[in-house]
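Okay, input-v6.cif is below, mmCIF, C-alpha atoms and all ligand atoms:
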data_query
#
loop_
_atom_site.label_atom_id
_atom_site.label_comp_id
_atom_site.auth_asym_id
_atom_site.auth_seq_id
_atom_site.Cartn_x
_atom_site.Cartn_y
_atom_site.Cartn_z
CA ASP A 20 -18.90 15.56 7.63
CA LEU A 21 -17.67 12.01 7.27
CA PRO A 22 -18.06 9.95 4.09
CA ALA A 23 -21.03 7.53 4.19
CA GLU A 24 -18.87 4.74 2.85
CA VAL A 25 -15.14 4.00 2.90
CA THR A 26 -13.19 1.80 0.51
CA VAL A 27 -10.78 -0.28 2.57
CA TRP A 28 -7.68 -0.91 0.42
CA GLU A 29 -6.29 -4.10 1.94
CA VAL A 30 -2.49 -4.29 1.63
CA GLY A 31 -1.78 -7.27 3.90
CA PRO A 32 -0.67 -9.75 1.24
CA ARG A 33 1.73 -7.15 -0.19
CA ASP A 34 2.84 -4.58 2.43
CA GLY A 35 2.23 -7.11 5.20
CA LEU A 36 4.04 -10.10 3.81
CA GLN A 37 6.89 -8.18 2.11
CA ASN A 38 8.31 -7.52 5.54
CA GLU A 39 8.06 -10.99 7.10
CA SER A 40 11.42 -12.50 7.95
CA SER A 41 10.29 -15.85 6.58
CA VAL A 42 8.95 -16.47 3.10
CA VAL A 43 5.31 -17.46 3.39
CA PRO A 44 4.35 -20.43 1.15
CA VAL A 45 2.27 -19.47 -1.88
CA GLU A 46 -0.59 -21.75 -0.76
CA VAL A 47 -0.85 -19.80 2.50
CA LYS A 48 -0.83 -16.49 0.61
CA LEU A 49 -3.61 -17.74 -1.67
CA GLU A 50 -5.71 -18.86 1.27
CA PHE A 51 -5.08 -15.50 2.96
CA ILE A 52 -6.29 -13.59 -0.13
CA ASP A 53 -9.33 -15.86 -0.42
CA ARG A 54 -10.24 -15.38 3.22
CA LEU A 55 -9.89 -11.61 2.87
CA ALA A 56 -12.40 -11.73 0.01
CA ASP A 57 -14.68 -13.93 2.15
CA ALA A 58 -14.52 -11.23 4.82
CA GLY A 59 -15.89 -8.71 2.31
CA LEU A 60 -12.75 -6.89 1.22
CA THR A 61 -13.10 -5.75 -2.39
CA THR A 62 -9.61 -4.34 -2.98
CA ILE A 63 -6.82 -6.73 -2.07
CA GLU A 64 -3.28 -5.70 -3.03
CA ALA A 65 -1.92 -9.10 -3.92
CA THR A 66 1.85 -8.85 -4.47
CA SER A 67 4.65 -6.90 -6.19
CA PHE A 68 6.40 -7.45 -9.51
CA VAL A 69 9.66 -6.05 -8.18
CA HIS A 70 13.14 -7.49 -8.41
CA PRO A 71 13.05 -10.89 -6.63
CA LYS A 72 16.46 -10.22 -5.08
CA TRP A 73 15.21 -6.95 -3.62
CA VAL A 74 12.08 -8.48 -2.09
CA PRO A 75 12.47 -12.28 -1.92
CA GLN A 76 9.27 -12.50 0.14
CA LEU A 77 7.28 -11.66 -3.01
CA ALA A 78 9.40 -13.54 -5.56
CA ASP A 79 6.44 -15.88 -6.13
CA ALA A 80 4.31 -13.22 -7.85
CA GLU A 81 3.82 -15.36 -10.99
CA PRO A 82 2.68 -18.56 -9.25
CA LEU A 83 0.55 -16.46 -6.91
CA LEU A 84 -1.34 -14.79 -9.76
CA ALA A 85 -1.61 -18.11 -11.60
CA GLY A 86 -3.16 -19.74 -8.54
CA LEU A 87 -5.53 -16.89 -7.71
CA THR A 88 -9.25 -17.45 -8.15
CA ARG A 89 -10.38 -13.97 -9.14
CA ARG A 90 -13.82 -13.09 -7.85
CA ALA A 91 -16.32 -10.77 -9.49
CA GLY A 92 -16.32 -7.42 -7.74
CA VAL A 93 -12.85 -7.83 -6.22
CA ARG A 94 -9.78 -5.96 -7.48
CA TYR A 95 -6.31 -7.42 -7.03
CA PRO A 96 -3.81 -4.58 -7.63
CA VAL A 97 -0.08 -5.30 -7.68
CA LEU A 98 2.98 -3.08 -7.28
CA VAL A 99 5.03 -2.45 -10.41
CA PRO A 100 8.20 -0.29 -10.36
CA ASN A 101 9.36 -0.42 -13.97
CA GLU A 102 8.73 -1.78 -17.46
CA ARG A 103 10.16 -5.19 -16.61
CA GLY A 104 7.63 -5.38 -13.77
CA LEU A 105 4.85 -4.26 -16.09
CA ASP A 106 5.73 -6.96 -18.64
CA ARG A 107 5.50 -9.55 -15.89
CA ALA A 108 2.22 -8.13 -14.56
CA LEU A 109 0.63 -8.04 -18.02
CA ALA A 110 1.71 -11.63 -18.68
CA ALA A 111 0.02 -12.59 -15.41
CA GLY A 112 -3.26 -10.98 -16.49
CA VAL A 113 -3.24 -8.15 -13.97
CA GLU A 114 -5.82 -5.34 -14.36
CA HIS A 115 -4.76 -2.89 -11.65
CA ILE A 116 -1.24 -1.78 -10.86
CA ALA A 117 0.36 0.66 -8.47
CA ILE A 118 3.62 2.49 -8.99
CA PHE A 119 5.43 3.74 -5.91
CA ALA A 120 7.34 7.00 -5.79
CA SER A 121 9.34 8.54 -2.99
CA ALA A 122 8.91 12.10 -1.77
CA THR A 123 12.54 12.13 -0.66
CA GLU A 124 15.84 11.73 -2.47
CA THR A 125 17.29 9.25 0.02
CA PHE A 126 14.37 6.84 -0.04
CA ALA A 127 14.13 7.00 -3.85
CA ASN A 128 17.70 5.79 -3.83
CA ARG A 129 17.26 3.13 -1.16
CA ASN A 130 13.95 1.75 -2.39
CA LEU A 131 14.25 2.15 -6.17
CA ASN A 132 17.96 2.66 -6.84
CA ARG A 133 17.05 5.95 -8.57
CA THR A 134 17.29 9.64 -7.83
CA LEU A 135 14.06 11.49 -7.14
CA ASP A 136 13.96 12.72 -10.74
CA GLU A 137 15.05 9.41 -12.24
CA GLN A 138 12.11 7.62 -10.62
CA PHE A 139 9.70 9.53 -12.91
CA ALA A 140 11.67 8.52 -16.00
CA MET A 141 11.24 4.92 -14.82
CA PHE A 142 7.49 5.33 -14.18
CA GLU A 143 6.56 7.31 -17.32
CA PRO A 144 6.56 4.39 -19.80
CA VAL A 145 4.98 2.12 -17.18
CA VAL A 146 1.97 4.37 -16.77
CA SER A 147 1.57 5.24 -20.44
CA ARG A 148 1.73 1.60 -21.52
CA ALA A 149 -0.51 0.46 -18.66
CA VAL A 150 -3.16 3.08 -19.44
CA ALA A 151 -3.00 2.16 -23.14
CA GLU A 152 -3.64 -1.47 -22.11
CA GLY A 153 -6.71 -0.35 -20.14
CA LEU A 154 -5.18 -0.87 -16.70
CA ASP A 155 -5.95 1.27 -13.71
CA VAL A 156 -2.84 2.82 -12.15
CA ARG A 157 -2.54 3.99 -8.56
CA GLY A 158 0.43 6.10 -7.46
CA TYR A 159 1.91 5.76 -4.00
CA VAL A 160 3.89 8.59 -2.49
CA SER A 161 6.16 7.28 0.25
CA MET A 162 7.73 9.29 3.08
CA CYS A 163 5.02 11.97 2.99
CA PHE A 164 5.61 13.14 6.57
CA GLY A 165 8.94 11.93 7.87
CA ASP A 166 11.95 10.12 6.46
CA PRO A 167 14.44 8.16 8.61
CA TRP A 168 17.42 9.83 6.90
CA GLU A 169 16.07 13.29 6.06
CA GLY A 170 13.76 13.98 8.99
CA VAL A 171 10.59 16.02 8.55
CA VAL A 172 9.53 16.11 4.90
CA ASP A 173 8.60 19.37 3.20
CA ARG A 174 4.90 19.36 2.26
CA ALA A 175 5.55 21.22 -0.99
CA ALA A 176 7.89 18.40 -2.08
CA VAL A 177 5.18 15.82 -1.36
CA VAL A 178 2.56 17.77 -3.33
CA ALA A 179 5.00 18.17 -6.23
CA VAL A 180 5.71 14.43 -6.38
CA GLY A 181 1.99 13.63 -6.12
CA ARG A 182 1.09 16.09 -8.89
CA ARG A 183 3.72 14.53 -11.15
CA LEU A 184 2.20 11.08 -10.61
CA LEU A 185 -1.28 12.37 -11.45
CA ASP A 186 0.09 14.13 -14.54
CA LEU A 187 1.61 10.82 -15.67
CA GLY A 188 -1.89 9.30 -15.61
CA CYS A 189 -2.40 7.80 -12.14
CA SER A 190 -6.08 7.66 -11.17
CA GLN A 191 -5.43 7.88 -7.44
CA LEU A 192 -2.64 8.86 -5.05
CA SER A 193 -1.99 6.99 -1.83
CA LEU A 194 -0.22 9.26 0.64
CA GLY A 195 2.09 7.07 2.67
CA ASP A 196 3.40 7.63 6.18
CA THR A 197 5.92 4.89 5.50
CA ILE A 198 7.57 4.98 8.92
CA GLY A 199 4.48 5.91 10.94
CA VAL A 200 5.58 9.23 12.42
CA ALA A 201 2.77 11.54 11.29
CA THR A 202 0.33 13.25 13.61
CA ALA A 203 -3.16 14.46 12.78
CA GLY A 204 -2.26 18.12 12.31
CA GLN A 205 0.32 17.23 9.67
CA VAL A 206 -2.20 15.04 7.86
CA GLY A 207 -4.74 17.86 7.72
CA ALA A 208 -2.11 20.34 6.54
CA LEU A 209 -0.93 18.07 3.72
CA LEU A 210 -4.51 17.42 2.55
CA ASP A 211 -5.17 21.18 2.61
CA ASP A 212 -2.09 21.70 0.44
CA PHE A 213 -3.25 19.10 -2.09
CA ALA A 214 -6.67 20.77 -2.20
CA ALA A 215 -5.00 24.16 -2.74
CA ALA A 216 -3.05 22.63 -5.64
CA GLY A 217 -6.34 21.59 -7.23
CA THR A 218 -6.30 17.86 -6.41
CA PRO A 219 -9.81 16.51 -5.82
CA THR A 220 -10.13 14.64 -2.53
CA SER A 221 -11.71 11.75 -4.44
CA ALA A 222 -8.29 11.15 -6.03
CA LEU A 223 -6.57 10.75 -2.64
CA ALA A 224 -6.12 7.79 -0.33
CA VAL A 225 -4.16 7.56 2.91
CA HIS A 226 -1.69 4.88 3.96
CA PHE A 227 -0.65 4.93 7.60
CA HIS A 228 1.81 2.81 9.54
CA ASP A 229 1.21 2.62 13.26
CA THR A 230 4.70 3.06 14.75
CA TYR A 231 3.65 5.77 17.21
CA GLY A 232 0.06 4.57 17.62
CA GLN A 233 -1.29 7.51 15.61
CA ALA A 234 -2.66 5.67 12.57
CA LEU A 235 -6.32 5.74 13.64
CA THR A 236 -6.22 9.38 14.71
CA ASN A 237 -4.55 10.26 11.43
CA THR A 238 -7.24 8.31 9.59
CA LEU A 239 -9.99 10.24 11.33
CA ALA A 240 -8.29 13.51 10.36
CA ALA A 241 -8.23 12.34 6.74
CA LEU A 242 -11.89 11.25 6.83
CA ARG A 243 -12.83 14.69 8.13
CA HIS A 244 -11.03 16.12 5.10
CA GLY A 245 -13.23 14.00 2.84
CA VAL A 246 -10.84 11.14 2.06
CA SER A 247 -12.81 7.93 1.50
CA THR A 248 -10.15 5.36 0.56
CA VAL A 249 -8.03 4.07 3.44
CA ASP A 250 -5.20 1.53 3.20
CA SER A 251 -4.77 -1.02 5.97
CA SER A 252 -3.46 -4.51 6.51
CA ALA A 253 -5.28 -7.39 8.16
CA GLY A 254 -3.95 -7.97 11.65
CA GLY A 255 -1.62 -4.95 11.36
CA LEU A 256 1.15 -6.75 9.51
CA GLY A 257 3.62 -4.79 7.50
CA GLY A 258 6.55 -2.51 7.09
CA CYS A 259 9.14 -1.74 4.51
CA PRO A 260 12.41 -3.69 4.23
CA PHE A 261 14.15 -0.53 2.92
CA ALA A 262 13.08 1.69 5.82
CA GLY A 263 14.24 -0.10 8.93
CA SER A 264 12.14 1.92 11.34
CA ALA A 265 8.88 1.10 9.55
CA THR A 266 6.49 -1.02 11.61
CA GLY A 267 3.12 -2.51 10.77
CA ASN A 268 0.36 -0.86 8.80
CA LEU A 269 -2.83 0.37 10.39
CA ALA A 270 -4.67 -2.89 11.14
CA THR A 271 -7.79 -3.43 9.04
CA GLU A 272 -9.62 -4.63 12.15
CA ASP A 273 -8.79 -1.41 14.01
CA LEU A 274 -9.96 0.63 11.00
CA VAL A 275 -13.22 -1.30 10.65
CA TRP A 276 -13.92 -1.01 14.38
CA LEU A 277 -13.55 2.78 14.12
CA LEU A 278 -15.68 3.03 10.98
CA GLU A 279 -18.45 0.78 12.33
CA GLY A 280 -18.59 2.95 15.44
CA LEU A 281 -18.92 6.03 13.25
CA GLY A 282 -21.67 4.43 11.17
CA VAL A 283 -19.49 4.49 8.03
CA ARG A 284 -20.14 1.53 5.71
CA THR A 285 -17.20 -0.70 4.71
CA GLY A 286 -18.82 -4.01 3.70
CA VAL A 287 -16.24 -5.82 5.85
CA ASP A 288 -17.27 -8.60 8.25
CA LEU A 289 -15.12 -7.90 11.30
CA ASP A 290 -15.58 -11.37 12.81
CA ARG A 291 -14.46 -13.20 9.69
CA LEU A 292 -11.54 -10.81 9.32
CA ALA A 293 -10.37 -11.30 12.93
CA ASP A 294 -10.58 -15.08 12.44
CA THR A 295 -8.39 -14.68 9.34
CA SER A 296 -5.78 -12.68 11.23
CA VAL A 297 -5.71 -15.22 14.06
CA TRP A 298 -5.28 -18.01 11.51
CA LEU A 299 -2.48 -16.12 9.72
CA ALA A 300 -0.75 -15.33 13.03
CA GLY A 301 -0.66 -19.10 13.61
CA GLU A 302 0.96 -19.60 10.22
CA LEU A 303 3.52 -16.84 10.91
CA GLY A 304 4.18 -18.04 14.45
CA ARG A 305 3.57 -14.71 16.18
CA PRO A 306 0.50 -12.88 17.46
CA SER A 307 -1.19 -10.11 15.50
CA PRO A 308 -0.17 -6.65 16.73
CA SER A 309 -3.75 -5.38 16.23
CA ARG A 310 -5.42 -4.13 19.42
CA VAL A 311 -8.85 -4.99 18.05
CA VAL A 312 -7.81 -8.55 17.13
CA ALA A 313 -6.43 -8.97 20.67
CA ALA A 314 -9.62 -7.55 22.20
CA LEU A 315 -11.93 -9.75 20.10
CA ARG A 316 -9.91 -12.97 20.11
CA GLY A 317 -7.20 -12.65 22.78
P1 LIG B 1 17.91 -1.99 -10.28
O1 LIG B 1 18.92 -2.90 -9.70
O2 LIG B 1 18.27 -0.55 -10.48
O3 LIG B 1 17.35 -2.60 -11.63
O4 LIG B 1 16.62 -2.07 -9.34
P2 LIG B 1 17.86 -2.39 -13.13
O5 LIG B 1 16.79 -1.63 -13.84
O6 LIG B 1 19.25 -1.84 -13.13
O7 LIG B 1 17.90 -3.90 -13.66
C1 LIG B 1 18.85 -4.83 -13.16
C2 LIG B 1 18.42 -6.25 -13.44
O8 LIG B 1 17.22 -6.52 -12.70
C3 LIG B 1 18.08 -6.52 -14.91
O9 LIG B 1 18.44 -7.87 -15.17
C4 LIG B 1 16.58 -6.43 -14.95
O10 LIG B 1 15.96 -7.20 -15.96
C5 LIG B 1 16.20 -6.97 -13.59
P3 LIG B 1 19.74 -8.21 -16.07
O11 LIG B 1 19.46 -7.54 -17.38
O12 LIG B 1 20.89 -7.59 -15.32
O13 LIG B 1 19.74 -9.69 -16.07
N1 LIG B 1 14.92 -6.39 -13.16
C6 LIG B 1 13.83 -7.08 -12.78
N2 LIG B 1 13.58 -8.40 -12.69
C7 LIG B 1 12.32 -8.74 -12.30
N3 LIG B 1 11.34 -7.86 -12.02
C8 LIG B 1 11.58 -6.55 -12.11
C9 LIG B 1 12.86 -6.12 -12.49
N4 LIG B 1 13.39 -4.90 -12.67
C10 LIG B 1 14.65 -5.08 -13.07
N5 LIG B 1 10.58 -5.66 -11.85
C11 LIG B 1 14.25 -1.88 -9.01
C12 LIG B 1 15.51 -1.25 -9.58
C13 LIG B 1 13.13 -0.87 -9.07
C14 LIG B 1 13.90 -3.09 -9.86
C15 LIG B 1 14.52 -2.34 -7.56
O14 LIG B 1 14.99 -1.26 -6.85
C16 LIG B 1 13.31 -2.91 -6.87
O15 LIG B 1 12.83 -3.97 -7.24
N6 LIG B 1 12.79 -2.22 -5.83
C17 LIG B 1 11.60 -2.68 -5.13
C18 LIG B 1 11.57 -2.14 -3.76
C19 LIG B 1 10.29 -2.53 -3.03
O16 LIG B 1 9.54 -3.39 -3.47
N7 LIG B 1 10.06 -1.89 -1.89
C20 LIG B 1 8.91 -2.13 -1.08
C21 LIG B 1 7.65 -1.53 -1.63
S1 LIG B 1 7.50 0.24 -1.34
C22 LIG B 1 6.68 0.36 0.17
O17 LIG B 1 6.56 -0.61 0.87
C23 LIG B 1 6.03 1.66 0.57
C24 LIG B 1 4.51 1.65 0.39
O18 LIG B 1 3.91 0.64 1.20
C25 LIG B 1 3.92 2.99 0.75
C26 LIG B 1 4.29 3.49 2.15
O19 LIG B 1 4.30 2.75 3.11
O20 LIG B 1 4.55 4.70 2.22
C27 LIG B 1 4.14 1.38 -1.08
MG MG B 2 3.49 0.82 3.36
#
Structure rendered as structure tokens:
Amino acid sequence: DLPAEVTVWEVGPRDGLQNESSVVPVEVKLEFIDRLADAGLTTIEATSFVHPKWVPQLADAEPLLAGLTRRAGVRYPVLVPNERGLDRALAAGVEHIAIFASATETFANRNLNRTLDEQFAMFEPVVSRAVAEGLDVRGYVSMCFGDPWEGVVDRAAVVAVGRRLLDLGCSQLSLGDTIGVATAGQVGALLDDFAAAGTPTSALAVHFHDTYGQALTNTLAALRHGVSTVDSSAGGLGGCPFAGSATGNLATEDLVWLLEGLGVRTGVDLDRLADTSVWLAGELGRPSPSRVVAALRG
């Protein structure tokens, strides 16, 4: 059985724009976020409070939050790696944050400058302080299926990292195929392992990148396992600057096309969204990689 309704967790302004070679002006980012809300998206990951030297594309997190017109019924989560990031996010009036852990040692080092164990020491005070402040905290697990340096990732290691994030106080896990190598059987097996470890499916989201064109198939596998929160990025932007082989996220348009066909409610207006991606592609100077955007507007 498929869920009747899916929450689309839009990551375009964050995962999408963090990987652009040019820095997008803050006015364009603000218009992008506004247009995503106009298209019916209710969760829009806005930016990251990470080190500005590590991700210069998102160094404008403060002016972005200051310029944002928050709408009733829309959440604007931001990525926060450490206490310095949390201080900045709290000062900016943020209500939802996401920490981001790695399932592998190498990526913890490359992405966070920490060992796999050290990352939890960094996150622990972030989550406890955030929860005490009444914030909602999501936990990403990156490299859940394959890692460019370590190869295939052990499912038990992924479940262990995910359980540690939940134990810290995260309300939801987003299972990331950071480099887009997963196939549907692996997705089902990992979700089975989380279920066997006692994790309710309602606490799980999936986050696919589309490197091998498997993101939609993987999504369907997750839906069939009861997952009802799916991450995607408008127009299929995205990638990770610390994992060179990462390409774009599952495109929100591709996801919505699938879900509409299945009769699953999303609340997203596909036409307005495709117009937004075409507009943003003009700003970025390159076409959207989304098949659905190309089919609707090409
Ligand atoms: P570090 O160099 O180890 O930091 O970086 P540190 O703790 O040693 O601090 C060094 C200096 O940086 C200090 O300043 C800090 O104050 C400052 P000093 O005292 O020397 O003057 N500093 C900061 N300044 C501003 N904001 C901050 C901050 N933190 C420290 N938050 C750190 C460690 C975690 C900061 C760094 O590695 C970092 O910023 N990493 C971010 C990497 C990133 O954003 N990656 C992309 C997102 S993950 C992703 O895309 C995957 C995902 O999509 C899921 C999937 O696809 O699977 C989520
Ligand atoms: Mg990602």
Could you give me the residues within 10 Å of ligand MG 2 (chain B), counting all atoms listed in the file, as an MDAnalysis selection string? chainID A and resid 30:31 33:35 37:38 119 159:162 193:199 226:228 250:252 257:259 262 265:269
Would you save the residues from that selection as a short mmCIF file (atom, residue, chain, number, x, y, z; two decimals), in the coordinates of the input, using C-alpha atoms?
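Output (part_10.cif):
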data_model
loop_
_atom_site.label_atom_id
_atom_site.label_comp_id
_atom_site.auth_asym_id
_atom_site.auth_seq_id
_atom_site.Cartn_x
_atom_site.Cartn_y
_atom_site.Cartn_z
CA VAL A 30 -2.49 -4.29 1.63
CA GLY A 31 -1.78 -7.27 3.90
CA ARG A 33 1.73 -7.15 -0.19
CA ASP A 34 2.84 -4.58 2.43
CA GLY A 35 2.23 -7.11 5.20
CA GLN A 37 6.89 -8.18 2.11
CA ASN A 38 8.31 -7.52 5.54
CA PHE A 119 5.43 3.74 -5.91
CA TYR A 159 1.91 5.76 -4.00
CA VAL A 160 3.89 8.59 -2.49
CA SER A 161 6.16 7.28 0.25
CA MET A 162 7.73 9.29 3.08
CA SER A 193 -1.99 6.99 -1.83
CA LEU A 194 -0.22 9.26 0.64
CA GLY A 195 2.09 7.07 2.67
CA ASP A 196 3.40 7.63 6.18
CA THR A 197 5.92 4.89 5.50
CA ILE A 198 7.57 4.98 8.92
CA GLY A 199 4.48 5.91 10.94
CA HIS A 226 -1.69 4.88 3.96
CA PHE A 227 -0.65 4.93 7.60
CA HIS A 228 1.81 2.81 9.54
CA ASP A 250 -5.20 1.53 3.20
CA SER A 251 -4.77 -1.02 5.97
CA SER A 252 -3.46 -4.51 6.51
CA GLY A 257 3.62 -4.79 7.50
CA GLY A 258 6.55 -2.51 7.09
CA CYS A 259 9.14 -1.74 4.51
CA ALA A 262 13.08 1.69 5.82
CA ALA A 265 8.88 1.10 9.55
CA THR A 266 6.49 -1.02 11.61
CA GLY A 267 3.12 -2.51 10.77
CA ASN A 268 0.36 -0.86 8.80
CA LEU A 269 -2.83 0.37 10.39
#
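Atom CA of A:Val27 to atom CA of A:Leu274 spans 8.5 Å [interatomic distance, one decimal].
Residue nearest ligand LIG 1 (chain B), chosen from A:Leu49, A:Cys163, A:Ala111, A:Ala151 and counting only C-alpha atoms and all ligand atoms: A:Cys163.
Distance check against A:Thr248 using only C-alpha atoms: of A:Val283, A:Val43, A:Leu135, A:Ala214, the minimum falls on A:Val283.
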Measure the distance from atom CA of A:Gly280 to atom CA of A:Asp211 in Å and round it to one decimal. 26.0 Å
Taking 5 positions as the minimum chain separation for residues in the same chain, which residues sit within 12 Å of A:Leu185 when counting all atoms listed in the file? Answer as a list in words. Ile118, Ala120, Phe139, Phe142, Glu143, Val146, Ser147, Val156, Arg157, Gly158, Tyr159, Val160, Val178, Ala179, Val180, Ser190, Gln191, Leu192, Ser193, Phe213, Ala216, Gly217, Thr218, Pro219, Ala222 and Leu223 of chain A
Quick one: axis-aligned box around all listed atoms of ligand LIG 1 (chain B), 5 Å on every side, centre and edge lengths in Å to one decimal, written as JSON.
{"center_x": 12.4, "center_y": -2.5, "center_z": -7.1, "size_x": 27.0, "size_y": 24.4, "size_z": 30.5}
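Remark: for ligand LIG 1 (chain B), the closest of the candidate residues A:Gly181, A:Pro44, A:Pro260, A:Gly207 is A:Pro260 (distances computed over all atoms listed in the file).
With atom CA of A:Pro308 on one side and atom CA of A:Leu278 on the other, the separation reads 19.2 Å.
Of the listed residues A:Gly188, A:Gln233, A:Ala253, A:Ala201, the one whose atoms come nearest to A:Ile52 is A:Ala253, with distances taken using all atoms listed in the file.
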